[in-house]
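Student: Have a look at the structure that comes next, please.
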Amino acid sequence: MLKSKTFVKKTRSGGVVKIVREHYLRDDIWCGSEACNECKQESTVLQKDACIESNLCSFPHYLVPDTNVVLHQIDVLEDPVIRNVIILQTVLQEVRHRSAPVYKRLKDVIHEKEKFFYTFTNEHHRETFIEREPGETANDRNDRAIRVAAKWYSQHLKSDKNGLQVVLLTNDQGNKNKAEESGLLVYRCEEYIKSLIANPELVDRLALSNDDKNEVTSSKVLYPEHLPLSKIQTGIKSGSFIQGTFRASRDNYLEATVFIQKEGDDSTEVLIQGLQHLNRAVHQDVVAVQLLPQNQWVAPSSVVLQDDGAAKDDSVEEGEEEKALRISAAEAARKPTGKVVGIIKRNWRPFCGMLNVSQIKESTRHLFTPADRRIPRIRIETRQASSLVGNRIMVAIDGWPKDSRYPNGHFVRSLGGAGEKETEEEVLLLEHDVPHQAFSQAVLSFLPKLPWAITKEDLAKREDLRQLTVCSVDPPGCTDIDDALHCRELENGNLEVGVHIADVSHFIRPGNALDKEAANRGTTVYMCGKRIDMVPELLSSNLCSLRSNVERFAFSCIWEMNHEAKILKTRFTKSVINSKASLTYAEAQMRIDDVNKNDDITKSLRGLNKLAKILKRGRIEKGALTLSSLEVRFHIDSETHDPIDLQTKELMETNSMVEEFMLLANISVAQKIYDEFSECALLRKHPAPPPSNYEILLKAAKSKNVEIHTDSAKALADSLDMARVDHFPYFNTLLRILATRCMMQAVYFCSGMDSDFHHYGLASSIYTHFTSPIRRYSDIIVHRLLAVAIGADSTYPDLMDKHKQSALCNNLNYRHKMAQYAQRASVAFHTQLFFKSRGIINEEGYVLFVRKNAIIVLIPKFGLEGTVFFDRKDKNNPNLVFDEEGPTPKVEQHTFHIFDKVKVTVSLDDTNIQHQKIRMALTDPVIPGVSVPPPDVEPQAKKPKLDR
C-alpha cells in the first residue's frame with residue numbers, strides 16, 4: 001500500500017461519514033512481452049517478431065499511444081497492420097471517462113488476440129506510479145505518467161538482443177519535447193503512419209489534427225463563430241439561449257428543426273433555415289439556439305429541396321434555393337425560428353456513402369456524399385480514389401472550420417460495391433446503428449450446454465401444463481415463437497384462457513455477458529429475408545421457441561372468464577408446456593372456418609376467436625383506435641434471394657385473435673408489476689398527439705366535406721368510423737393511414753420517473769410489454785419483475801433502481817426506433833430490387849400529401865409512396881400556384897387535392913447509384929409539361945415460385 005487518504009463526506013440525511021481510500025502498489029505486474037527475461041509470466045501478449053517494419057523504424061518495436069492518439073485515431077489503431085501496442089491504464093481510464101464509444105472500440109481491439117494489444121496497469125506498478133505534484137494539472141500529471149511508463153518499458157526491455165525499442169505516439173508538441181528530453185523515441189502519429197511501407201489506406205484513415213485543419217481551408221470566413229461553452233452555459237441559465245437536439249430535414253438541406261425537451265412530456269421545436277443559421281450543426285448534435293425576433297419567424301418550407309448538384313464553392317451567399325425558403329406565410333403557420341450559436345455536444349459517427357472524385361487531375365482532395373441525406377457532404381484526402389469509385393465507403397468527420405463550405409473528415413473503410421445486395425444491407429444496418437456482429441465467445445459461454453432437457457428439479461418449481469391443448473399462431477416461416485394460447489371450458493361452465501410466453505429470463509441471468517449483449521441490442525431486427533437476433537439462435541429458434549411437440553419452459557398468464565369475456569380471476573405462474581400445433585394465421589383461420597373440424601385444437605381456437613371479438617368490441621367502445629398502415633410482403637426467390645413478387649399483407653380474424661390476448665396479457669401484467677413495484681415497474685405509454693399534429697388530417701377530411709373530431713381518442717375513433725364518401729370506398733382506409741402519421745411514438749418508461757401512464761392508441765390506463773421476450777429486452781425485464789412479484793425468482797439491485805431502469809428505457813426506445821427505420825429501409829431497398837427488372841409499370845394511386853412543387857402519391861397495390869415533381873431542371877416549368885390553406889397546388893389549369901385518384905408510371909431511377917429511388921410520373925390527369933404517356937405494354941411480372 002502506498003498511502004491512505006481519509007476524508008469526510010456529508011450524507012443526504014445531513015450526517016457525515018468517514019471515507020478511507022487506499023492505493024496499493026505491486027512489483028509483480030508483468031510487462032507482457034515475450035522478449036522479457038525478467039518478468040515471471042505464464043503467458044505473453046506482445047510479440048518479438050510480429051511488429052511493423054517501416055522506413056522510419058526499421059527495427060522491432062512496441063507502440064505506446066497517449067490518450068489523444070487513442071481518442072482521435074481509433075480508426076488507425078483498429079487496422080490489422082497496427083500490432084504490438086501497449087495500452088497504459090492511465091490512457092484506458094482517460095478514454096473511458098471522455099468517450100464511451102471509443103472506449104468500447106478500444107476494449108474490442110484489446111480482446112483481438114491477433115492484434116497483440118496489452119493493457120499495462122502502470123498506476124499500480126511500484127516503478128511506474130507517480131503522484132500529482134503541487135500546481136500540476138490532472139492532464140499534465142497523466143502525460144507525465146505516460147512518459148514515465150514508456151521510459152520504464154524501454155529500460156526494462158534493454159536486455160533484448162534484437163534491439164527491441166519502445167515508440168511513444170503523441171500529437172502534443174509539448175509532450176513530445178519533454179519525451180525527447182528524457183531520451184524517449186517519440187513520433188507524431190501522422191509522421192509514424194506516413195512512414196509505413198505500402199499502406200496508403202492507413203494514411204487515409206488518419207483523422208485531421210487541429211494543425212492539419214488550418215492547412216486545408218480558405219481564409220474567407222463563411223459561418224459565424226461558435227460561442228465557447230462557458231458563454232453558452234451562461235446564456236442557457238439566463239434564458240437567452242435554448243438547448244436542444246438538431247434534426248436536419250430529409251427533404252430540404254437548407255432547413256432543420258431543433259427539438260427542445262421540457263419537463264414531463266412537454267416539448268417544442270425551433271425552426272432553422274439557411275446555411276448561416278444552420279451554422280455547421282450536423283444531424284443529432286446537441287446545440288445552443290438563439291431565437292430570432294418574432295417578425296423574422298417563418299413557416300416550414302413546402303419545397304422539396306435536395307443537395308444533388310455538383311460540389312458548391314466555399315461560399316454561402318444567398319442563392320435561388322435559399323430565396324425559395326423566404327416565401328411569406330400566413331401568421332398562423334409561422335413557427336418559432338432561430339439560429340445555431342454554438343455546439344454543446346457533437347454526435348458524429350462514421351457515415352456510409354460514396355466518393356465524388358475531384359475533376360482536378362492528381363488531386364487527393366475529394367468530396368464524400370453520405371447515404372443519409374440529412375448529413376452534409378464531407379471533404380476527405382485519399383490517394384486511393386480510383387479504387388474507391390463505385391464503392392460504398394465509411395468516412396468520419398474530424399471537424400468543420402468556419403471557413404469551409406463542408407466539414408473535413410477521413411476515410412475509415414470500404415464496404416463493397418454499391419448496389420450489391422450484401423453491401424447495401426450492411427449499409428442499412430450501419431446507418432441505423434443496429435448491432436449485428438456475431439455473438440462473442442464471452443456471450444456464447446453463458447448458453448445452456450447441449451443436449452438440454454427438463455429435469456425433475458425444474459418440474460418441482462413449475463406448474464405442469466403439458467396436458468393442456470396449447471397451440472401457437474404466427475406468420476409463415478416464424479421460428480422464434482414467443483407465445484402460445486389455450487382455451488377450455490371449466491366444470492363450473494366458465495372458460496379458462498391461457499397466454500403462455502417463452503421463459504427467456506430462465507436462460508438469461510442478470511448481469512452476465514449474455515444479458516448485457518441482449519440489453520444493448522434491445523430488440524430483434526426483422527429485415528426482408530433476414531433476421532438480426534437479439535439473443536443467440538440456440539435460444540431464439542430452439543430452446544426458448546415454443547415449437548410444437550416439444551416441452552418448453554413458459555411464463556403463463558391464466559384467466560378465468562365468463563362467456564362475455566369478463567375476467568373473474570387472474571393468475572401468473574412459471575410453467576412447463578407442450579404445444580400441440582404451430583399454426584400460421586391462415587391455417588388457424590381454415591380450422592376455425594371448417595365446420596367438419598371439431599378436434600381439441602380447433603375447439604380451443606374457436607373459443608379464443610369468439611372471446612377476442614368481444615374483447616375487441618369492448619376496447620373500441622372505450623376509445624381504442626383502429627388505424628391503418630400498408631405493410632408489404634415480399635416473395636423471395638429461394639436461390640437468388642431476390643424479391644420476385646410483392647403484395648400488401650392481408651390481415652385475417654386470427655391476426656386480431658392473437659393480438660387481443662397479447663394486449664390483455666400485457667395489461668394484466670402491467671397492473672400486477674405496478675401494484676408490487678410502484679417505483680420501478682417498466683411500463684409503456686403512448687402520449688396523446690398535440691392538436692397541431694392533426695392539421696393535415698383535418699384538412700384532408702374537410703376537402704371531402706367530412707368532419708373529424710380529435711378532442712379525445714374516443715372522439716377520433718368514432719369520427720373515423722363514420723367517415724365515408726360515396727363512390728370512394730378506399731377513402732376511410734386513406735384517412736386511417738393519414739391518422740397513423742399524426743400519432744406520437746409509444747415509449748418505454750419507469751413508473752417511478754413519470755406520472756402519465758396512459759396509452760392513447762389502446763385507450764388503456766396502464767400497459768407494458770410481456771409477450772415477446774425472445775425479440776424484446778423490455779419483456780425480459782418485465783418477466784423478472786413479475787417473477788419477483790409472485791415469488792418465483794429473486795430480485796437484484798439494478799431491477800429496483802428507478803434511475804437505472806430509466807436509463808435502460810432510453811436505450812430500448814432508441815433501439816426500437818432505429819430497428820423500425822432499418823426495417824422500413826430494407827423494404828424500400830427490396831422494392832427497388834423488385835422494380836429494377838420490370839421496366840415501367842402503370843398503376844393507380846392516391847395523392848397522400850401536397851407540396852409547393854410536388855405531390856406525394858400512394859400506390860395501395862404495392863404499399864408504395866413516391867414523389868411526382870412539377871418543377872423540372874431540364875424543362876420549362878409549368879405554371880404553379882400553391883394554396884397553403886387547402887393545401888392545394890394548382891398546376892396549369894388542374895388543382896390537386898389530398899386523396900385525389902391519379903395514374904402514374906412507376907420505374908426505378910438508378911442514375912444516382914447511391915440514392916436509387918422509385919420515380920413516379922403522372923399519366924392521368926394529363927397536364928402539359930408534366931404528364932408522360934403511359935407505357936404501351938405493361939411488362940409481365942415473373943411468375944412467383946412458392947414462398948418457402
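Going by the C-alpha cells order, chains are called A, B, ..., each with residues numbered from 1, while ligands are numbered from 1 in the order shown.
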Might you pull out every residue within 6 Å of Leu367 of chain A, with only C-alpha atoms counted and same-chain residues fewer than 2 positions away left off, and present them as a count of residues only?

Tutor: 3

Student: Excluding Asp798 of chain A and its own-chain neighbours fewer than 3 positions away, which residues fall within 12 Å of it when counting only C-alpha atoms? Please give them as a list in words.

Tutor: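 Final neighbour list, sorted by chain and number: Pro510, Gly511, Cys680, Ala681, Ile781, Arg784, Leu785, Thr795, Asp801, Lys802, His803, Lys804, Gln805, Ser806, Ala807 and Leu808 of chain A.
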
Student: How close does segment 779-891 of chain A get to segment 548-556 of chain A? List, as a Markdown table, each residue of segment 779-891 of chain A within 10 Å, its nearest atom pair and the distance in Å to one decimal, counting only C-alpha atoms.

Tutor:
```
| residue | atom | partner | partner_atom | distance |
| --- | --- | --- | --- | --- |
| A:His783 | CA | A:Phe555 | CA | 7.9 |
| A:Leu786 | CA | A:Phe555 | CA | 9.4 |
| A:Ala787 | CA | A:Phe555 | CA | 8.8 |
```

Student: Contacts of Phe849 of chain A at 10 Å or less, counting only C-alpha atoms, minus same-chain residues fewer than 4 places along, as a ChimeraX atom specification?

Tutor: /A:696,700,738,854-858,867,887-888,896-899

Student: Can I get the selection written as a PDB file, in the first residue's frame, with C-alpha atoms?

Tutor:
```pdb
ATOM      1  CA  ILE A 696     -53.155  17.629 -42.150  1.00  0.00           C
ATOM      2  CA  ALA A 700     -57.757  16.144 -45.797  1.00  0.00           C
ATOM      3  CA  LEU A 738     -53.091   9.627 -42.519  1.00  0.00           C
ATOM      4  CA  ALA A 854     -44.726  18.132 -55.846  1.00  0.00           C
ATOM      5  CA  ILE A 855     -47.380  15.626 -54.818  1.00  0.00           C
ATOM      6  CA  ILE A 856     -46.716  12.502 -52.749  1.00  0.00           C
ATOM      7  CA  VAL A 857     -48.592   9.552 -54.259  1.00  0.00           C
ATOM      8  CA  LEU A 858     -49.526   6.294 -52.501  1.00  0.00           C
ATOM      9  CA  THR A 867     -42.979  11.894 -55.310  1.00  0.00           C
ATOM     10  CA  PRO A 887     -53.439  22.790 -49.062  1.00  0.00           C
ATOM     11  CA  THR A 888     -53.595  22.544 -52.872  1.00  0.00           C
ATOM     12  CA  PHE A 896     -54.639  18.687 -56.865  1.00  0.00           C
ATOM     13  CA  HIS A 897     -56.348  17.799 -53.564  1.00  0.00           C
ATOM     14  CA  ILE A 898     -55.334  15.251 -50.936  1.00  0.00           C
ATOM     15  CA  PHE A 899     -56.839  11.814 -51.767  1.00  0.00           C
TER      16      PHE A 899
END
```

Student: Could you name the residues that touch segment 425-428 of chain A at 10 Å or less, counting only C-alpha atoms, but leaving out those on the same chain fewer than 2 positions away, as a compact mmCIF listing (two decimals) with N, CA and C atoms, in the first residue's frame?

Tutor:
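And here is the file that came out, selection.txt:
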```
# COMPACT_ATOMS: atom_id res chain seq x y z
N PHE A 351 -19.90 7.64 -41.16
CA PHE A 351 -21.06 7.67 -42.07
C PHE A 351 -20.78 6.86 -43.32
N CYS A 352 -21.81 6.15 -43.81
CA CYS A 352 -21.69 5.38 -45.05
C CYS A 352 -22.06 6.28 -46.23
N GLY A 353 -21.44 6.03 -47.37
CA GLY A 353 -21.77 6.82 -48.55
C GLY A 353 -20.83 6.50 -49.69
N ALA A 371 -24.90 8.55 -47.45
CA ALA A 371 -26.15 7.91 -47.85
C ALA A 371 -27.34 8.62 -47.21
N ARG A 392 -19.25 1.61 -51.83
CA ARG A 392 -19.75 2.22 -50.59
C ARG A 392 -18.57 2.27 -49.62
N ILE A 393 -18.34 3.42 -49.02
CA ILE A 393 -17.25 3.54 -48.05
C ILE A 393 -17.77 4.20 -46.77
N MET A 394 -16.95 4.13 -45.72
CA MET A 394 -17.28 4.82 -44.47
C MET A 394 -16.29 5.95 -44.24
N LEU A 415 -16.76 -0.75 -47.91
CA LEU A 415 -17.79 -1.74 -47.57
C LEU A 415 -18.10 -2.68 -48.72
N GLY A 416 -17.72 -2.30 -49.95
CA GLY A 416 -18.02 -3.15 -51.11
C GLY A 416 -18.71 -2.36 -52.19
N ALA A 418 -21.27 -0.60 -54.59
CA ALA A 418 -22.61 -0.01 -54.42
C ALA A 418 -23.61 -0.78 -55.26
N GLY A 419 -24.80 -0.99 -54.73
CA GLY A 419 -25.85 -1.72 -55.43
C GLY A 419 -25.84 -3.20 -55.17
N GLU A 420 -24.69 -3.74 -54.68
CA GLU A 420 -24.64 -5.16 -54.35
C GLU A 420 -25.46 -5.40 -53.09
N LYS A 421 -26.21 -6.48 -53.11
CA LYS A 421 -27.18 -6.72 -52.03
C LYS A 421 -26.52 -6.77 -50.65
N GLU A 422 -25.41 -7.53 -50.53
CA GLU A 422 -24.74 -7.67 -49.24
C GLU A 422 -24.23 -6.32 -48.74
N THR A 423 -23.67 -5.53 -49.68
CA THR A 423 -23.14 -4.21 -49.32
C THR A 423 -24.25 -3.31 -48.82
N LEU A 430 -25.52 -0.42 -40.58
CA LEU A 430 -24.58 0.56 -40.02
C LEU A 430 -25.24 1.93 -39.86
N GLU A 431 -25.99 2.35 -40.88
CA GLU A 431 -26.62 3.68 -40.85
C GLU A 431 -27.69 3.79 -39.77
N HIS A 432 -28.29 2.66 -39.40
CA HIS A 432 -29.32 2.69 -38.36
C HIS A 432 -28.80 2.16 -37.03
N ASP A 433 -27.47 2.06 -36.93
CA ASP A 433 -26.82 1.70 -35.67
C ASP A 433 -27.39 0.42 -35.08
N VAL A 434 -27.58 -0.58 -35.94
CA VAL A 434 -28.09 -1.88 -35.50
C VAL A 434 -26.91 -2.80 -35.18
N HIS A 436 -24.94 -5.82 -35.19
CA HIS A 436 -25.19 -7.03 -36.00
C HIS A 436 -23.96 -7.93 -36.10
N MET A 527 -35.35 -7.79 -41.10
CA MET A 527 -35.13 -7.25 -42.43
C MET A 527 -35.86 -8.17 -43.42
N CYS A 528 -35.95 -7.78 -44.68
CA CYS A 528 -36.57 -8.64 -45.69
C CYS A 528 -35.66 -9.85 -45.93
N LYS A 530 -34.18 -11.67 -43.77
CA LYS A 530 -33.04 -11.75 -42.84
C LYS A 530 -33.49 -11.28 -41.47
N TYR A 821 -36.82 2.01 -38.36
CA TYR A 821 -36.27 2.71 -39.52
C TYR A 821 -35.52 1.74 -40.44
N ALA A 822 -34.74 0.83 -39.82
CA ALA A 822 -33.95 -0.14 -40.61
C ALA A 822 -34.89 -1.07 -41.38
N GLN A 823 -35.97 -1.50 -40.72
CA GLN A 823 -36.93 -2.38 -41.38
C GLN A 823 -37.60 -1.68 -42.57
N ARG A 824 -37.96 -0.41 -42.38
CA ARG A 824 -38.57 0.35 -43.49
C ARG A 824 -37.57 0.51 -44.64
N ALA A 825 -36.32 0.79 -44.29
CA ALA A 825 -35.28 0.97 -45.32
C ALA A 825 -35.05 -0.33 -46.08
N SER A 826 -35.14 -1.46 -45.38
CA SER A 826 -34.98 -2.77 -46.02
C SER A 826 -36.11 -3.01 -47.01
N PHE A 829 -35.45 -0.85 -50.07
CA PHE A 829 -34.38 -1.40 -50.90
C PHE A 829 -34.89 -2.60 -51.71
```

Student: One number please: atom CA of Thr602 of chain A to atom CA of Asn542 of chain A, in Å, one decimal.

Tutor: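 Rounded to one decimal, the two atoms are 25.6 Å apart.
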
Student: What lies within 12 Å of Gln290 of chain A using only C-alpha atoms, ignoring chain neighbours under 6 positions off, as number ranges by chain?

Tutor: A: 227, 232, 235-236, 238-244, 258, 270-272, 277-279, 336-342

Student: Output the selection as an mmCIF file, in the first residue's frame - N, CA and C atoms for each residue.

Tutor:
```cif
data_model
loop_
_atom_site.group_PDB
_atom_site.id
_atom_site.type_symbol
_atom_site.label_atom_id
_atom_site.label_comp_id
_atom_site.auth_asym_id
_atom_site.auth_seq_id
_atom_site.Cartn_x
_atom_site.Cartn_y
_atom_site.Cartn_z
ATOM 1 N N LEU A 227 -19.945 30.011 -30.195
ATOM 2 C CA LEU A 227 -19.648 30.548 -28.870
ATOM 3 C C LEU A 227 -18.996 29.476 -28.003
ATOM 4 N N ILE A 232 -22.189 29.785 -23.576
ATOM 5 C CA ILE A 232 -23.434 29.057 -23.859
ATOM 6 C C ILE A 232 -24.149 28.729 -22.553
ATOM 7 N N GLY A 235 -25.711 31.749 -21.118
ATOM 8 C CA GLY A 235 -26.880 32.127 -21.920
ATOM 9 C C GLY A 235 -28.076 31.233 -21.669
ATOM 10 N N ILE A 236 -27.829 29.926 -21.466
ATOM 11 C CA ILE A 236 -28.931 28.990 -21.194
ATOM 12 C C ILE A 236 -29.537 29.295 -19.827
ATOM 13 N N SER A 238 -29.576 32.199 -18.302
ATOM 14 C CA SER A 238 -30.298 33.475 -18.332
ATOM 15 C C SER A 238 -31.536 33.417 -19.228
ATOM 16 N N GLY A 239 -31.636 32.347 -20.041
ATOM 17 C CA GLY A 239 -32.796 32.209 -20.914
ATOM 18 C C GLY A 239 -32.616 32.820 -22.294
ATOM 19 N N SER A 240 -31.435 33.376 -22.592
ATOM 20 C CA SER A 240 -31.224 33.974 -23.911
ATOM 21 C C SER A 240 -30.908 32.919 -24.972
ATOM 22 N N PHE A 241 -30.461 31.731 -24.552
ATOM 23 C CA PHE A 241 -30.240 30.609 -25.471
ATOM 24 C C PHE A 241 -31.088 29.415 -25.025
ATOM 25 N N ILE A 242 -31.376 28.545 -25.972
ATOM 26 C CA ILE A 242 -32.116 27.314 -25.672
ATOM 27 C C ILE A 242 -31.267 26.130 -26.127
ATOM 28 N N GLN A 243 -31.270 25.061 -25.310
ATOM 29 C CA GLN A 243 -30.536 23.844 -25.665
ATOM 30 C C GLN A 243 -31.490 22.834 -26.280
ATOM 31 N N GLY A 244 -31.042 22.174 -27.359
ATOM 32 C CA GLY A 244 -31.899 21.167 -27.981
ATOM 33 C C GLY A 244 -31.120 20.278 -28.934
ATOM 34 N N VAL A 258 -34.802 22.252 -34.267
ATOM 35 C CA VAL A 258 -34.112 21.912 -33.023
ATOM 36 C C VAL A 258 -35.180 21.511 -32.023
ATOM 37 N N VAL A 270 -37.874 24.444 -32.631
ATOM 38 C CA VAL A 270 -37.483 25.729 -33.214
ATOM 39 C C VAL A 270 -37.023 25.461 -34.632
ATOM 40 N N LEU A 271 -37.537 26.252 -35.565
ATOM 41 C CA LEU A 271 -37.202 26.087 -36.972
ATOM 42 C C LEU A 271 -35.900 26.830 -37.289
ATOM 43 N N ILE A 272 -35.027 26.192 -38.071
ATOM 44 C CA ILE A 272 -33.776 26.829 -38.504
ATOM 45 C C ILE A 272 -33.750 26.789 -40.021
ATOM 46 N N HIS A 277 -27.577 30.212 -40.539
ATOM 47 C CA HIS A 277 -28.300 29.934 -39.297
ATOM 48 C C HIS A 277 -28.107 28.475 -38.861
ATOM 49 N N LEU A 278 -27.968 27.562 -39.840
ATOM 50 C CA LEU A 278 -27.665 26.158 -39.505
ATOM 51 C C LEU A 278 -26.271 26.060 -38.890
ATOM 52 N N ASN A 279 -25.373 26.902 -39.338
ATOM 53 C CA ASN A 279 -24.058 27.139 -38.729
ATOM 54 C C ASN A 279 -23.278 25.874 -38.357
ATOM 55 N N PRO A 336 -41.698 29.329 -34.179
ATOM 56 C CA PRO A 336 -40.507 29.943 -33.579
ATOM 57 C C PRO A 336 -39.280 29.601 -34.425
ATOM 58 N N THR A 337 -38.524 30.622 -34.805
ATOM 59 C CA THR A 337 -37.393 30.455 -35.719
ATOM 60 C C THR A 337 -36.131 30.978 -35.044
ATOM 61 N N GLY A 338 -35.028 30.287 -35.244
ATOM 62 C CA GLY A 338 -33.800 30.697 -34.560
ATOM 63 C C GLY A 338 -32.559 30.421 -35.374
ATOM 64 N N LYS A 339 -31.412 30.603 -34.714
ATOM 65 C CA LYS A 339 -30.122 30.319 -35.347
ATOM 66 C C LYS A 339 -29.229 29.587 -34.351
ATOM 67 N N VAL A 340 -28.386 28.704 -34.856
ATOM 68 C CA VAL A 340 -27.455 27.953 -34.011
ATOM 69 C C VAL A 340 -26.285 28.858 -33.664
ATOM 70 N N VAL A 341 -26.025 29.038 -32.359
ATOM 71 C CA VAL A 341 -24.915 29.910 -31.928
ATOM 72 C C VAL A 341 -23.732 29.112 -31.371
ATOM 73 N N GLY A 342 -23.952 27.820 -31.095
ATOM 74 C CA GLY A 342 -22.844 27.014 -30.571
ATOM 75 C C GLY A 342 -23.211 25.542 -30.515
#
```

Student: Determine which residues of segment 324-530 of chain A receive a DSSP assignment of strand (DSSP E or B), computed from the backbone, and state them as number ranges by chain.

Tutor: A: 335, 337-345, 351-356, 365-370, 378-381, 391-399, 408-417, 463-464, 471-474, 483-489, 495-502, 523, 525-527, 530

Student: Find the spatial neighbours of Ile790 of chain A, counting only C-alpha atoms, within a cut-off of 10 Å - ignore same-chain residues fewer than 4 positions away - and output them as number ranges by chain.

Tutor: A: 571-574, 672-673, 676, 785-786
